[in-house]
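Participant: My structure file entry.cif, mmCIF, C-alpha atoms, is below:
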```
data_upload
loop_
_atom_site.label_atom_id
_atom_site.label_comp_id
_atom_site.auth_asym_id
_atom_site.auth_seq_id
_atom_site.Cartn_x
_atom_site.Cartn_y
_atom_site.Cartn_z
CA MET Z 1175 61.52 -105.71 -47.73
CA ASP Z 1176 64.93 -105.73 -49.54
CA ARG Z 1177 65.30 -105.31 -53.30
CA ARG Z 1178 66.02 -109.00 -53.98
CA ARG Z 1179 62.88 -110.11 -52.09
CA ARG Z 1180 60.76 -107.49 -53.85
CA GLY Z 1181 62.09 -108.59 -57.23
CA THR Z 1182 61.24 -112.21 -56.47
CA LEU Z 1183 57.68 -111.27 -55.47
CA LEU Z 1184 57.23 -109.23 -58.64
CA ALA Z 1185 58.50 -112.04 -60.83
CA SER Z 1186 56.02 -114.42 -59.24
CA ALA Z 1187 53.19 -111.95 -59.66
CA LEU Z 1188 54.06 -111.24 -63.29
CA ILE Z 1189 54.11 -114.96 -64.17
CA ALA Z 1190 50.73 -115.47 -62.51
CA ALA Z 1191 49.21 -112.49 -64.28
CA ALA Z 1192 50.62 -113.54 -67.64
CA CYS Z 1193 49.29 -117.05 -67.23
CA ALA Z 1194 45.91 -115.68 -66.18
CA LEU Z 1195 45.73 -113.76 -69.47
CA ALA Z 1196 46.63 -116.83 -71.52
CA PRO Z 1197 44.02 -118.52 -73.78
CA PRO Z 1198 41.47 -120.74 -72.02
CA THR Z 1199 42.99 -123.91 -73.58
CA ARG Z 1200 46.10 -123.54 -71.43
CA ALA Z 1201 46.40 -124.74 -67.87
CA SER Z 1202 45.16 -122.28 -65.29
CA ALA Z 1203 48.05 -120.56 -63.49
CA GLN Z 1204 48.31 -120.28 -59.71
CA PRO Z 1205 48.51 -116.84 -58.10
CA PRO Z 1206 51.93 -115.56 -57.04
CA GLN Z 1207 53.25 -116.99 -53.82
CA GLY Z 1208 54.54 -113.73 -52.22
CA THR Z 1209 57.93 -115.29 -51.49
CA GLY Z 1210 58.52 -116.36 -55.07
CA GLY Z 1211 59.51 -119.68 -56.63
CA GLY Z 1212 62.69 -118.68 -58.44
CA GLU Z 1213 61.10 -117.77 -61.82
CA SER Z 1214 63.00 -115.17 -63.85
CA MET Z 1215 61.72 -112.15 -65.74
CA SER Z 1216 62.62 -113.83 -69.05
CA GLN Z 1217 60.16 -116.60 -68.25
CA ALA Z 1218 57.44 -114.00 -67.65
CA THR Z 1219 58.26 -112.33 -70.95
CA THR Z 1220 58.08 -115.64 -72.78
CA THR Z 1221 54.71 -116.43 -71.25
CA GLU Z 1222 53.47 -112.94 -72.16
CA GLY Z 1223 53.72 -113.82 -75.85
CA ASP Z 1224 50.95 -116.38 -75.38
CA MET Z 1225 48.36 -113.79 -74.34
CA ASN Z 1226 45.38 -113.58 -76.66
CA ASP Z 1227 44.36 -109.95 -75.82
CA GLU Z 1228 46.80 -107.56 -77.46
CA ARG Z 1229 45.66 -104.51 -75.49
CA ALA Z 1230 45.85 -106.34 -72.15
CA ARG Z 1231 49.25 -107.72 -73.12
CA GLY Z 1232 50.48 -104.22 -74.00
CA ALA Z 1233 49.26 -102.80 -70.69
CA PHE Z 1234 50.83 -105.70 -68.81
CA ARG Z 1235 54.14 -105.25 -70.60
CA LEU Z 1236 54.17 -101.50 -69.94
CA GLY Z 1237 53.32 -102.05 -66.30
CA ARG Z 1238 56.23 -104.46 -65.93
CA GLN Z 1239 58.61 -101.95 -67.53
CA TYR Z 1240 57.40 -99.18 -65.23
CA TYR Z 1241 57.83 -101.42 -62.20
CA GLU Z 1242 61.40 -102.33 -63.17
CA GLN Z 1243 62.14 -98.60 -63.53
CA GLY Z 1244 60.80 -97.88 -60.05
CA ARG Z 1245 57.76 -96.00 -61.42
CA PHE Z 1246 55.41 -97.92 -59.15
CA ALA Z 1247 52.32 -95.71 -59.37
CA GLU Z 1248 52.37 -95.83 -63.17
CA ALA Z 1249 53.00 -99.57 -63.09
CA ALA Z 1250 49.97 -100.06 -60.85
CA SER Z 1251 47.82 -98.04 -63.23
CA GLU Z 1252 48.87 -100.18 -66.19
CA PHE Z 1253 48.30 -103.42 -64.29
CA GLU Z 1254 44.80 -102.25 -63.42
CA ARG Z 1255 44.20 -101.32 -67.05
CA ALA Z 1256 45.25 -104.82 -68.08
CA TYR Z 1257 42.86 -106.20 -65.47
CA GLY Z 1258 40.03 -104.05 -66.83
CA LEU Z 1259 40.67 -105.28 -70.34
CA SER Z 1260 41.03 -108.96 -69.46
CA GLY Z 1261 38.95 -109.38 -66.32
CA ARG Z 1262 41.60 -111.71 -64.87
CA GLY Z 1263 41.67 -111.22 -61.11
CA GLN Z 1264 45.31 -112.36 -60.82
CA LEU Z 1265 46.40 -109.01 -62.26
CA LEU Z 1266 45.10 -107.29 -59.14
CA PHE Z 1267 47.97 -108.87 -57.21
CA ASN Z 1268 50.44 -107.13 -59.55
CA ALA Z 1269 48.62 -103.86 -58.96
CA TYR Z 1270 48.73 -104.51 -55.21
CA LEU Z 1271 52.51 -105.01 -55.28
CA ALA Z 1272 53.01 -101.80 -57.28
CA TYR Z 1273 50.73 -99.75 -55.01
CA ARG Z 1274 52.45 -101.20 -51.96
CA ASP Z 1275 55.87 -100.15 -53.22
CA ALA Z 1276 54.47 -96.73 -54.17
CA ARG Z 1277 53.44 -96.29 -50.49
CA ASP Z 1278 49.82 -95.96 -51.59
CA ASP Z 1279 48.23 -98.04 -48.85
CA GLU Z 1280 44.64 -97.13 -49.70
CA ASN Z 1281 44.87 -98.50 -53.24
CA ALA Z 1282 47.08 -101.38 -52.10
CA ILE Z 1283 44.29 -102.41 -49.71
CA ARG Z 1284 41.67 -102.05 -52.44
CA THR Z 1285 43.50 -104.16 -55.01
CA LEU Z 1286 44.60 -106.83 -52.53
CA ARG Z 1287 41.04 -107.12 -51.24
CA GLY Z 1288 39.81 -107.46 -54.83
CA TYR Z 1289 42.41 -110.13 -55.57
CA LEU Z 1290 41.42 -112.17 -52.51
CA ALA Z 1291 37.73 -111.85 -53.41
CA GLN Z 1292 38.02 -112.77 -57.10
CA VAL Z 1293 40.65 -115.51 -57.10
CA GLU Z 1294 39.55 -118.69 -55.33
CA GLU Z 1295 42.71 -120.82 -55.30
CA ILE Z 1296 45.43 -118.86 -53.49
CA PRO Z 1297 47.97 -121.09 -51.68
CA ASP Z 1298 49.17 -118.27 -49.40
CA ARG Z 1299 45.68 -116.80 -48.78
CA ALA Z 1300 46.08 -116.78 -44.99
CA LEU Z 1301 49.33 -114.84 -45.28
CA LEU Z 1302 47.79 -112.31 -47.66
CA GLU Z 1303 44.68 -111.92 -45.52
CA ALA Z 1304 46.90 -111.18 -42.53
CA ARG Z 1305 48.80 -108.64 -44.63
CA LEU Z 1306 45.49 -107.04 -45.67
CA ALA Z 1307 44.36 -106.76 -42.04
CA ALA Z 1308 47.68 -105.19 -41.07
CA LEU Z 1309 47.44 -102.66 -43.89
CA GLU Z 1310 43.89 -101.77 -42.90
CA ARG Z 1311 44.91 -101.26 -39.27
CA GLY Z 1312 47.86 -99.13 -40.27
CA LEU Z 1313 45.73 -96.99 -42.58
CA ALA Z 1314 43.07 -96.49 -39.89
CA GLU Z 1315 45.74 -95.48 -37.36
CA ARG Z 1316 47.29 -92.99 -39.80
CA ARG Z 1317 43.92 -91.47 -40.58
CA GLU Z 1318 43.18 -91.11 -36.88
CA SER Z 1319 46.59 -89.55 -36.34
CA ASP Z 1320 46.05 -87.18 -39.27
CA ALA Z 1321 42.65 -86.20 -37.87
CA ARG Z 1322 44.20 -85.46 -34.47
CA ALA Z 1323 46.98 -83.45 -36.07
CA ALA Z 1324 44.44 -81.48 -38.12
CA ALA Z 1325 42.39 -80.79 -34.99
CA GLU Z 1326 45.49 -79.67 -33.10
CA THR Z 1327 46.51 -77.43 -35.99
CA GLU Z 1328 43.05 -75.87 -36.12
CA GLU Z 1329 43.07 -75.31 -32.35
CA ALA Z 1330 46.52 -73.72 -32.54
CA ARG Z 1331 45.29 -71.48 -35.38
CA ARG Z 1332 42.23 -70.49 -33.35
CA GLN Z 1333 44.35 -69.70 -30.30
CA ALA Z 1334 46.74 -67.68 -32.43
CA GLU Z 1335 43.86 -65.72 -33.93
CA GLU Z 1336 42.41 -65.07 -30.47
CA ALA Z 1337 45.80 -63.94 -29.18
CA ARG Z 1338 46.20 -61.62 -32.17
CA ARG Z 1339 42.75 -60.20 -31.57
CA GLN Z 1340 43.47 -59.64 -27.88
CA ALA Z 1341 46.76 -57.94 -28.70
CA GLU Z 1342 45.06 -55.64 -31.19
CA GLU Z 1343 42.23 -54.95 -28.76
CA ALA Z 1344 44.70 -54.10 -26.00
CA GLY Z 1345 46.46 -51.68 -28.33
CA ARG Z 1346 43.31 -49.77 -29.28
CA PRO Z 1347 42.48 -46.54 -27.37
CA ARG Z 1348 39.65 -46.88 -24.86
CA TYR Z 1349 37.16 -44.30 -23.69
CA ARG Z 1350 35.04 -43.66 -20.62
CA GLU Z 1351 32.10 -41.45 -19.84
CA VAL Z 1352 32.97 -38.50 -17.56
CA PRO Z 1353 30.02 -36.90 -15.72
CA GLY Z 1354 29.55 -33.17 -16.25
CA GLU Z 1355 30.07 -30.42 -13.67
CA THR Z 1356 27.03 -29.64 -11.51
CA TRP Z 1357 27.85 -26.09 -10.40
CA PRO Z 1358 26.93 -24.43 -13.74
CA TRP Z 1359 23.41 -25.75 -13.32
CA ILE Z 1360 23.35 -24.37 -9.79
CA VAL Z 1361 24.34 -20.97 -11.19
CA MET Z 1362 21.62 -21.23 -13.80
CA GLY Z 1363 19.06 -22.15 -11.13
CA SER Z 1364 20.15 -19.22 -8.98
CA GLY Z 1365 19.82 -16.91 -11.95
CA GLY Z 1366 16.34 -18.24 -12.56
CA ALA Z 1367 15.43 -17.59 -8.94
CA LEU Z 1368 16.67 -13.99 -9.27
CA VAL Z 1369 14.54 -13.54 -12.39
CA VAL Z 1370 11.48 -14.82 -10.51
CA ALA Z 1371 12.22 -12.47 -7.59
CA GLY Z 1372 12.56 -9.59 -10.06
CA ILE Z 1373 9.19 -10.43 -11.55
CA VAL Z 1374 7.66 -10.43 -8.04
CA THR Z 1375 9.18 -7.08 -7.07
CA GLY Z 1376 8.12 -5.63 -10.40
CA ALA Z 1377 4.57 -6.80 -9.82
CA VAL Z 1378 4.59 -5.23 -6.35
CA ALA Z 1379 5.93 -1.96 -7.77
CA LEU Z 1380 3.24 -1.91 -10.42
CA SER Z 1381 0.56 -2.64 -7.81
CA GLU Z 1382 1.81 0.18 -5.61
CA ARG Z 1383 1.92 2.55 -8.56
CA SER Z 1384 -1.65 1.67 -9.51
CA ALA Z 1385 -2.88 2.17 -5.95
CA LEU Z 1386 -1.19 5.56 -5.70
CA ASP Z 1387 -2.69 6.67 -8.98
CA ASP Z 1388 -6.14 5.66 -7.74
CA GLU Z 1389 -5.71 7.73 -4.55
CA CYS Z 1390 -4.30 10.76 -6.32
CA PRO Z 1391 -6.32 11.32 -9.50
CA LEU Z 1392 -4.81 14.05 -11.57
CA GLN Z 1393 -1.96 14.07 -9.00
CA LEU Z 1394 -4.29 15.56 -6.37
CA CYS Z 1395 -3.75 13.53 -3.23
CA PRO Z 1396 -5.89 13.76 -0.08
CA ALA Z 1397 -4.47 15.66 2.85
CA GLY Z 1398 -2.20 13.60 5.06
CA SER Z 1399 -1.20 11.12 2.33
CA ASP Z 1400 2.49 10.05 2.41
CA VAL Z 1401 2.91 10.48 -1.29
CA GLU Z 1402 6.67 10.96 -1.27
CA GLY Z 1403 7.29 7.90 0.88
CA ARG Z 1404 5.13 5.72 -1.31
CA GLN Z 1405 6.83 7.02 -4.44
CA SER Z 1406 10.26 6.27 -2.93
CA THR Z 1407 9.11 2.72 -2.20
CA ILE Z 1408 7.85 2.31 -5.74
CA GLU Z 1409 11.16 3.57 -7.18
CA ALA Z 1410 13.15 1.25 -4.91
CA LEU Z 1411 11.03 -1.71 -5.99
CA ALA Z 1412 11.55 -0.73 -9.61
CA ILE Z 1413 15.31 -0.51 -9.21
CA THR Z 1414 15.36 -3.82 -7.36
CA THR Z 1415 13.29 -5.37 -10.12
CA ASP Z 1416 15.70 -4.19 -12.79
CA VAL Z 1417 18.72 -5.45 -10.88
CA LEU Z 1418 17.13 -8.81 -10.19
CA LEU Z 1419 15.98 -9.29 -13.77
CA VAL Z 1420 19.31 -8.31 -15.33
CA THR Z 1421 21.44 -10.21 -12.84
CA GLY Z 1422 19.18 -13.27 -12.86
CA THR Z 1423 19.02 -13.41 -16.65
CA ALA Z 1424 22.81 -13.09 -16.95
CA ALA Z 1425 23.38 -15.78 -14.34
CA ALA Z 1426 20.84 -18.14 -15.93
CA VAL Z 1427 22.37 -17.74 -19.39
CA ALA Z 1428 25.91 -18.14 -18.09
CA GLY Z 1429 24.93 -21.24 -16.12
CA LEU Z 1430 23.26 -22.77 -19.16
CA VAL Z 1431 26.29 -22.18 -21.40
CA LEU Z 1432 28.72 -23.50 -18.80
CA GLY Z 1433 26.48 -26.51 -18.17
CA LEU Z 1434 26.55 -27.42 -21.85
CA VAL Z 1435 30.30 -26.89 -22.13
CA LEU Z 1436 31.15 -28.73 -18.93
CA GLY Z 1437 28.46 -31.41 -19.29
CA PRO Z 1438 28.96 -35.21 -19.68
CA ARG Z 1439 31.74 -36.12 -22.14
CA THR Z 1440 33.82 -39.02 -23.42
CA GLU Z 1441 37.40 -39.17 -22.26
CA ALA Z 1442 40.17 -41.39 -23.64
CA ILE Z 1443 41.69 -43.86 -21.19
CA GLU Z 1444 45.44 -43.93 -21.33
CA THR Z 1445 46.66 -47.33 -22.61
CA PRO Z 1446 50.20 -48.68 -22.99
CA PRO Z 1447 51.62 -47.99 -26.47
CA VAL Z 1448 52.71 -51.64 -26.79
CA SER Z 1449 50.71 -54.74 -25.88
CA ALA Z 1450 51.45 -58.44 -26.42
CA ALA Z 1451 49.85 -61.86 -26.14
CA CYS Z 1452 51.28 -65.37 -26.55
CA THR Z 1453 50.04 -68.86 -27.38
CA GLY Z 1454 51.76 -72.16 -28.06
CA GLU Z 1455 52.12 -71.11 -31.70
CA GLY Z 1456 53.88 -67.84 -31.00
CA CYS Z 1457 53.61 -64.32 -29.59
CA PHE Z 1458 51.91 -61.28 -31.09
CA VAL Z 1459 52.59 -57.61 -30.42
CA ALA Z 1460 50.37 -54.60 -31.11
CA VAL Z 1461 51.93 -51.12 -31.22
CA ARG Z 1462 49.83 -47.99 -30.91
CA GLY Z 1463 51.03 -44.57 -31.95
CA ASP Z 1464 50.28 -41.41 -33.88
CA PHE Z 1465 51.72 -40.68 -37.29
#
```
Kindly transcribe the structure held in the file into structure tokens.

Facilitator:
Amino acid sequence: MDRRRRGTLLASALIAAACALAPPTRASAQPPQGTGGGESMSQATTTEGDMNDERARGAFRLGRQYYEQGRFAEAASEFERAYGLSGRGQLLFNAYLAYRDARDDENAIRTLRGYLAQVEEIPDRALLEARLAALERGLAERRESDARAAAETEEARRQAEEARRQAEEAGRPRYREVPGETWPWIVMGSGGALVVAGIVTGAVALSERSALDDECPLQLCPAGSDVEGRQSTIEALAITTDVLLVTGTAAAVAGLVLGLVLGPRTEAIETPPVSAACTGEGCFVAVRGDF
């Protein structure tokens, strides 16, 4: 709407509001016609002097000044204050015009709806009701669009966060479990077997020594006894026992130590020093290094 048309509408609205605030003895004014009837601002000012509520008149006057200065939101507030003081529904049309020009559709809808509900005789009611329906549709569409935009923004933020997390995860060092060597345990088992064999040969040597002592009390052996041969056997078993025990023990201990050292362990997996991920919002890079 051009400036001349808007000025005409405002003049009509101001005259209607001023007349609505006039004393009850005066003729009831009609609501503004939207397209105006040629009334000037000086006529509205003259009519304003007839208002019987000083506070409502002051708010009305201030609202008109604000509107003429292009301070539409403040003008709407003053028109609504004048309405609250006077209870004249025609003032809601002034507030509607100011909210409309302030691009405040939500309050423009509220005040226009209140004007249509409170004022019975409105010559251009059908036109204003159509305007109200159009404003309501436009506001609903904008809210739906804003909701979609907010949802898309949130989804983009979530994707960006996920991409950042993936990039950071890709840049972190990874580890794997490496099974231990088996041969140290084989060595330990072999050493254990040698120890067992040494114990067996030692037991045999002791048994042979006991039997020889029983046959030769006080080292007096019966005639024909192979004492020297039996003693040689006992000595050989003793030497074998010592070798088996020492070797087996050493092997078992060495196998145990090596098994613990070379057992299962965690090993770092080599990862690229730089990783990246991208979404519709942008790309993210993670750099890994030692400092």

Participant: Report the distance between atom CA of Asp1279 of chain Z and atom CA of Leu1313 of chain Z in Å, rounded to one decimal place.

Facilitator: 6.8 Å

Participant: What's the 10 Å shell around Thr1285 of chain Z, counting all atoms listed in the file, without same-chain residues fewer than 6 positions away, as a PDB file with C-alpha atoms, in the frame of the given file?

Facilitator:
```
ATOM      1  CA  ALA Z1250      49.970-100.060 -60.850  1.00  0.00           C
ATOM      2  CA  GLU Z1254      44.800-102.250 -63.420  1.00  0.00           C
ATOM      3  CA  GLY Z1263      41.670-111.220 -61.110  1.00  0.00           C
ATOM      4  CA  LEU Z1265      46.400-109.010 -62.260  1.00  0.00           C
ATOM      5  CA  LEU Z1266      45.100-107.290 -59.140  1.00  0.00           C
ATOM      6  CA  PHE Z1267      47.970-108.870 -57.210  1.00  0.00           C
ATOM      7  CA  ASN Z1268      50.440-107.130 -59.550  1.00  0.00           C
ATOM      8  CA  ALA Z1269      48.620-103.860 -58.960  1.00  0.00           C
ATOM      9  CA  TYR Z1270      48.730-104.510 -55.210  1.00  0.00           C
ATOM     10  CA  LEU Z1271      52.510-105.010 -55.280  1.00  0.00           C
ATOM     11  CA  TYR Z1273      50.730 -99.750 -55.010  1.00  0.00           C
ATOM     12  CA  ARG Z1274      52.450-101.200 -51.960  1.00  0.00           C
ATOM     13  CA  ASP Z1279      48.230 -98.040 -48.850  1.00  0.00           C
ATOM     14  CA  ALA Z1291      37.730-111.850 -53.410  1.00  0.00           C
ATOM     15  CA  LEU Z1306      45.490-107.040 -45.670  1.00  0.00           C
TER      16      LEU Z1306
END
```

Participant: Tell me, in Å to one decimal, how far atom CA of Arg1348 of chain Z is from atom CA of Gln1333 of chain Z.

Facilitator: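 Taking atom CA of Arg1348 of chain Z and atom CA of Gln1333 of chain Z, their separation equals 23.9 Å.
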
Participant: Excluding Thr1407 of chain Z and any residue of its chain fewer than 4 positions from it, enumerate the residues within 9 Å of it, using all atoms listed in the file, and give them as a count of residues only.

Facilitator: 6

Participant: Which distance in Å separates atom CA of Pro1438 of chain Z and atom CA of Tyr1349 of chain Z, to one decimal?

Facilitator: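 Result for atom CA of Pro1438 of chain Z versus atom CA of Tyr1349 of chain Z: 12.9 Å, one decimal.
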
Participant: Excluding Asp1416 of chain Z and its own-chain neighbours fewer than 5 positions away, which residues fall within 9 Å of it when counting only C-alpha atoms? Please give them as a VMD selection string.

Facilitator: chain Z and resid 1372 1376 1411 1421

Participant: For Gly1261 of chain Z, which of Z:Asp1278, Z:Asp1227, Z:Asp1298, Z:Glu1242 is the closest residue, counting only C-alpha atoms?

Facilitator: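 Looking at the shortest contact to Gly1261 of chain Z, the residue is Z:Asp1227.
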
Participant: Taking only N, CA, C and O atoms, show segment 1423-1443 of chain Z of the given structure as a PDB file, in the first residue's frame.

Facilitator:
```pdb
ATOM      1  N   THR Z1423      64.351 -77.800  35.744  1.00  0.00           N
ATOM      2  CA  THR Z1423      63.973 -76.596  36.503  1.00  0.00           C
ATOM      3  C   THR Z1423      64.325 -75.330  35.729  1.00  0.00           C
ATOM      4  O   THR Z1423      63.525 -74.382  35.648  1.00  0.00           O
ATOM      5  N   ALA Z1424      65.533 -75.310  35.137  1.00  0.00           N
ATOM      6  CA  ALA Z1424      65.949 -74.132  34.362  1.00  0.00           C
ATOM      7  C   ALA Z1424      65.019 -73.910  33.175  1.00  0.00           C
ATOM      8  O   ALA Z1424      64.602 -72.774  32.875  1.00  0.00           O
ATOM      9  N   ALA Z1425      64.678 -74.997  32.484  1.00  0.00           N
ATOM     10  CA  ALA Z1425      63.806 -74.869  31.315  1.00  0.00           C
ATOM     11  C   ALA Z1425      62.408 -74.407  31.721  1.00  0.00           C
ATOM     12  O   ALA Z1425      61.782 -73.572  31.049  1.00  0.00           O
ATOM     13  N   ALA Z1426      61.887 -74.954  32.829  1.00  0.00           N
ATOM     14  CA  ALA Z1426      60.550 -74.568  33.276  1.00  0.00           C
ATOM     15  C   ALA Z1426      60.503 -73.098  33.665  1.00  0.00           C
ATOM     16  O   ALA Z1426      59.566 -72.367  33.311  1.00  0.00           O
ATOM     17  N   VAL Z1427      61.542 -72.642  34.387  1.00  0.00           N
ATOM     18  CA  VAL Z1427      61.565 -71.233  34.802  1.00  0.00           C
ATOM     19  C   VAL Z1427      61.705 -70.323  33.585  1.00  0.00           C
ATOM     20  O   VAL Z1427      61.019 -69.301  33.456  1.00  0.00           O
ATOM     21  N   ALA Z1428      62.608 -70.692  32.674  1.00  0.00           N
ATOM     22  CA  ALA Z1428      62.794 -69.869  31.476  1.00  0.00           C
ATOM     23  C   ALA Z1428      61.515 -69.819  30.654  1.00  0.00           C
ATOM     24  O   ALA Z1428      61.122 -68.760  30.138  1.00  0.00           O
ATOM     25  N   GLY Z1429      60.850 -70.959  30.503  1.00  0.00           N
ATOM     26  CA  GLY Z1429      59.600 -70.974  29.744  1.00  0.00           C
ATOM     27  C   GLY Z1429      58.533 -70.118  30.387  1.00  0.00           C
ATOM     28  O   GLY Z1429      57.776 -69.415  29.703  1.00  0.00           O
ATOM     29  N   LEU Z1430      58.446 -70.157  31.709  1.00  0.00           N
ATOM     30  CA  LEU Z1430      57.459 -69.338  32.411  1.00  0.00           C
ATOM     31  C   LEU Z1430      57.730 -67.852  32.206  1.00  0.00           C
ATOM     32  O   LEU Z1430      56.808 -67.082  31.904  1.00  0.00           O
ATOM     33  N   VAL Z1431      58.969 -67.433  32.349  1.00  0.00           N
ATOM     34  CA  VAL Z1431      59.321 -66.019  32.180  1.00  0.00           C
ATOM     35  C   VAL Z1431      59.038 -65.562  30.759  1.00  0.00           C
ATOM     36  O   VAL Z1431      58.432 -64.514  30.523  1.00  0.00           O
ATOM     37  N   LEU Z1432      59.478 -66.375  29.786  1.00  0.00           N
ATOM     38  CA  LEU Z1432      59.237 -66.005  28.391  1.00  0.00           C
ATOM     39  C   LEU Z1432      57.744 -65.999  28.055  1.00  0.00           C
ATOM     40  O   LEU Z1432      57.269 -65.178  27.267  1.00  0.00           O
ATOM     41  N   GLY Z1433      56.999 -66.919  28.655  1.00  0.00           N
ATOM     42  CA  GLY Z1433      55.554 -66.946  28.420  1.00  0.00           C
ATOM     43  C   GLY Z1433      54.869 -65.702  28.925  1.00  0.00           C
ATOM     44  O   GLY Z1433      53.942 -65.180  28.293  1.00  0.00           O
ATOM     45  N   LEU Z1434      55.319 -65.195  30.069  1.00  0.00           N
ATOM     46  CA  LEU Z1434      54.738 -63.956  30.599  1.00  0.00           C
ATOM     47  C   LEU Z1434      55.143 -62.752  29.765  1.00  0.00           C
ATOM     48  O   LEU Z1434      54.339 -61.848  29.522  1.00  0.00           O
ATOM     49  N   VAL Z1435      56.404 -62.736  29.324  1.00  0.00           N
ATOM     50  CA  VAL Z1435      56.883 -61.593  28.538  1.00  0.00           C
ATOM     51  C   VAL Z1435      56.251 -61.568  27.155  1.00  0.00           C
ATOM     52  O   VAL Z1435      55.865 -60.514  26.638  1.00  0.00           O
ATOM     53  N   LEU Z1436      56.149 -62.735  26.550  1.00  0.00           N
ATOM     54  CA  LEU Z1436      55.641 -62.834  25.181  1.00  0.00           C
ATOM     55  C   LEU Z1436      54.179 -63.254  25.137  1.00  0.00           C
ATOM     56  O   LEU Z1436      53.694 -63.745  24.114  1.00  0.00           O
ATOM     57  N   GLY Z1437      53.444 -63.049  26.227  1.00  0.00           N
ATOM     58  CA  GLY Z1437      52.037 -63.427  26.292  1.00  0.00           C
ATOM     59  C   GLY Z1437      51.142 -62.465  25.534  1.00  0.00           C
ATOM     60  O   GLY Z1437      51.613 -61.568  24.819  1.00  0.00           O
ATOM     61  N   PRO Z1438      49.807 -62.595  25.674  1.00  0.00           N
ATOM     62  CA  PRO Z1438      48.857 -61.698  24.982  1.00  0.00           C
ATOM     63  C   PRO Z1438      49.116 -60.246  25.348  1.00  0.00           C
ATOM     64  O   PRO Z1438      49.407 -59.912  26.500  1.00  0.00           O
ATOM     65  N   ARG Z1439      48.973 -59.338  24.359  1.00  0.00           N
ATOM     66  CA  ARG Z1439      49.258 -57.919  24.577  1.00  0.00           C
ATOM     67  C   ARG Z1439      48.386 -57.072  23.662  1.00  0.00           C
ATOM     68  O   ARG Z1439      47.798 -57.583  22.712  1.00  0.00           O
ATOM     69  N   THR Z1440      48.310 -55.791  23.982  1.00  0.00           N
ATOM     70  CA  THR Z1440      47.570 -54.832  23.159  1.00  0.00           C
ATOM     71  C   THR Z1440      48.542 -54.104  22.258  1.00  0.00           C
ATOM     72  O   THR Z1440      49.560 -53.590  22.717  1.00  0.00           O
ATOM     73  N   GLU Z1441      48.159 -54.033  20.976  1.00  0.00           N
ATOM     74  CA  GLU Z1441      49.046 -53.415  19.987  1.00  0.00           C
ATOM     75  C   GLU Z1441      48.287 -52.314  19.260  1.00  0.00           C
ATOM     76  O   GLU Z1441      47.137 -52.485  18.869  1.00  0.00           O
ATOM     77  N   ALA Z1442      48.923 -51.156  19.096  1.00  0.00           N
ATOM     78  CA  ALA Z1442      48.280 -50.033  18.410  1.00  0.00           C
ATOM     79  C   ALA Z1442      48.159 -50.331  16.925  1.00  0.00           C
ATOM     80  O   ALA Z1442      49.075 -50.865  16.308  1.00  0.00           O
ATOM     81  N   ILE Z1443      46.989 -49.987  16.369  1.00  0.00           N
ATOM     82  CA  ILE Z1443      46.766 -50.130  14.933  1.00  0.00           C
ATOM     83  C   ILE Z1443      47.160 -48.818  14.274  1.00  0.00           C
ATOM     84  O   ILE Z1443      46.731 -47.740  14.692  1.00  0.00           O
TER      85      ILE Z1443
END
```
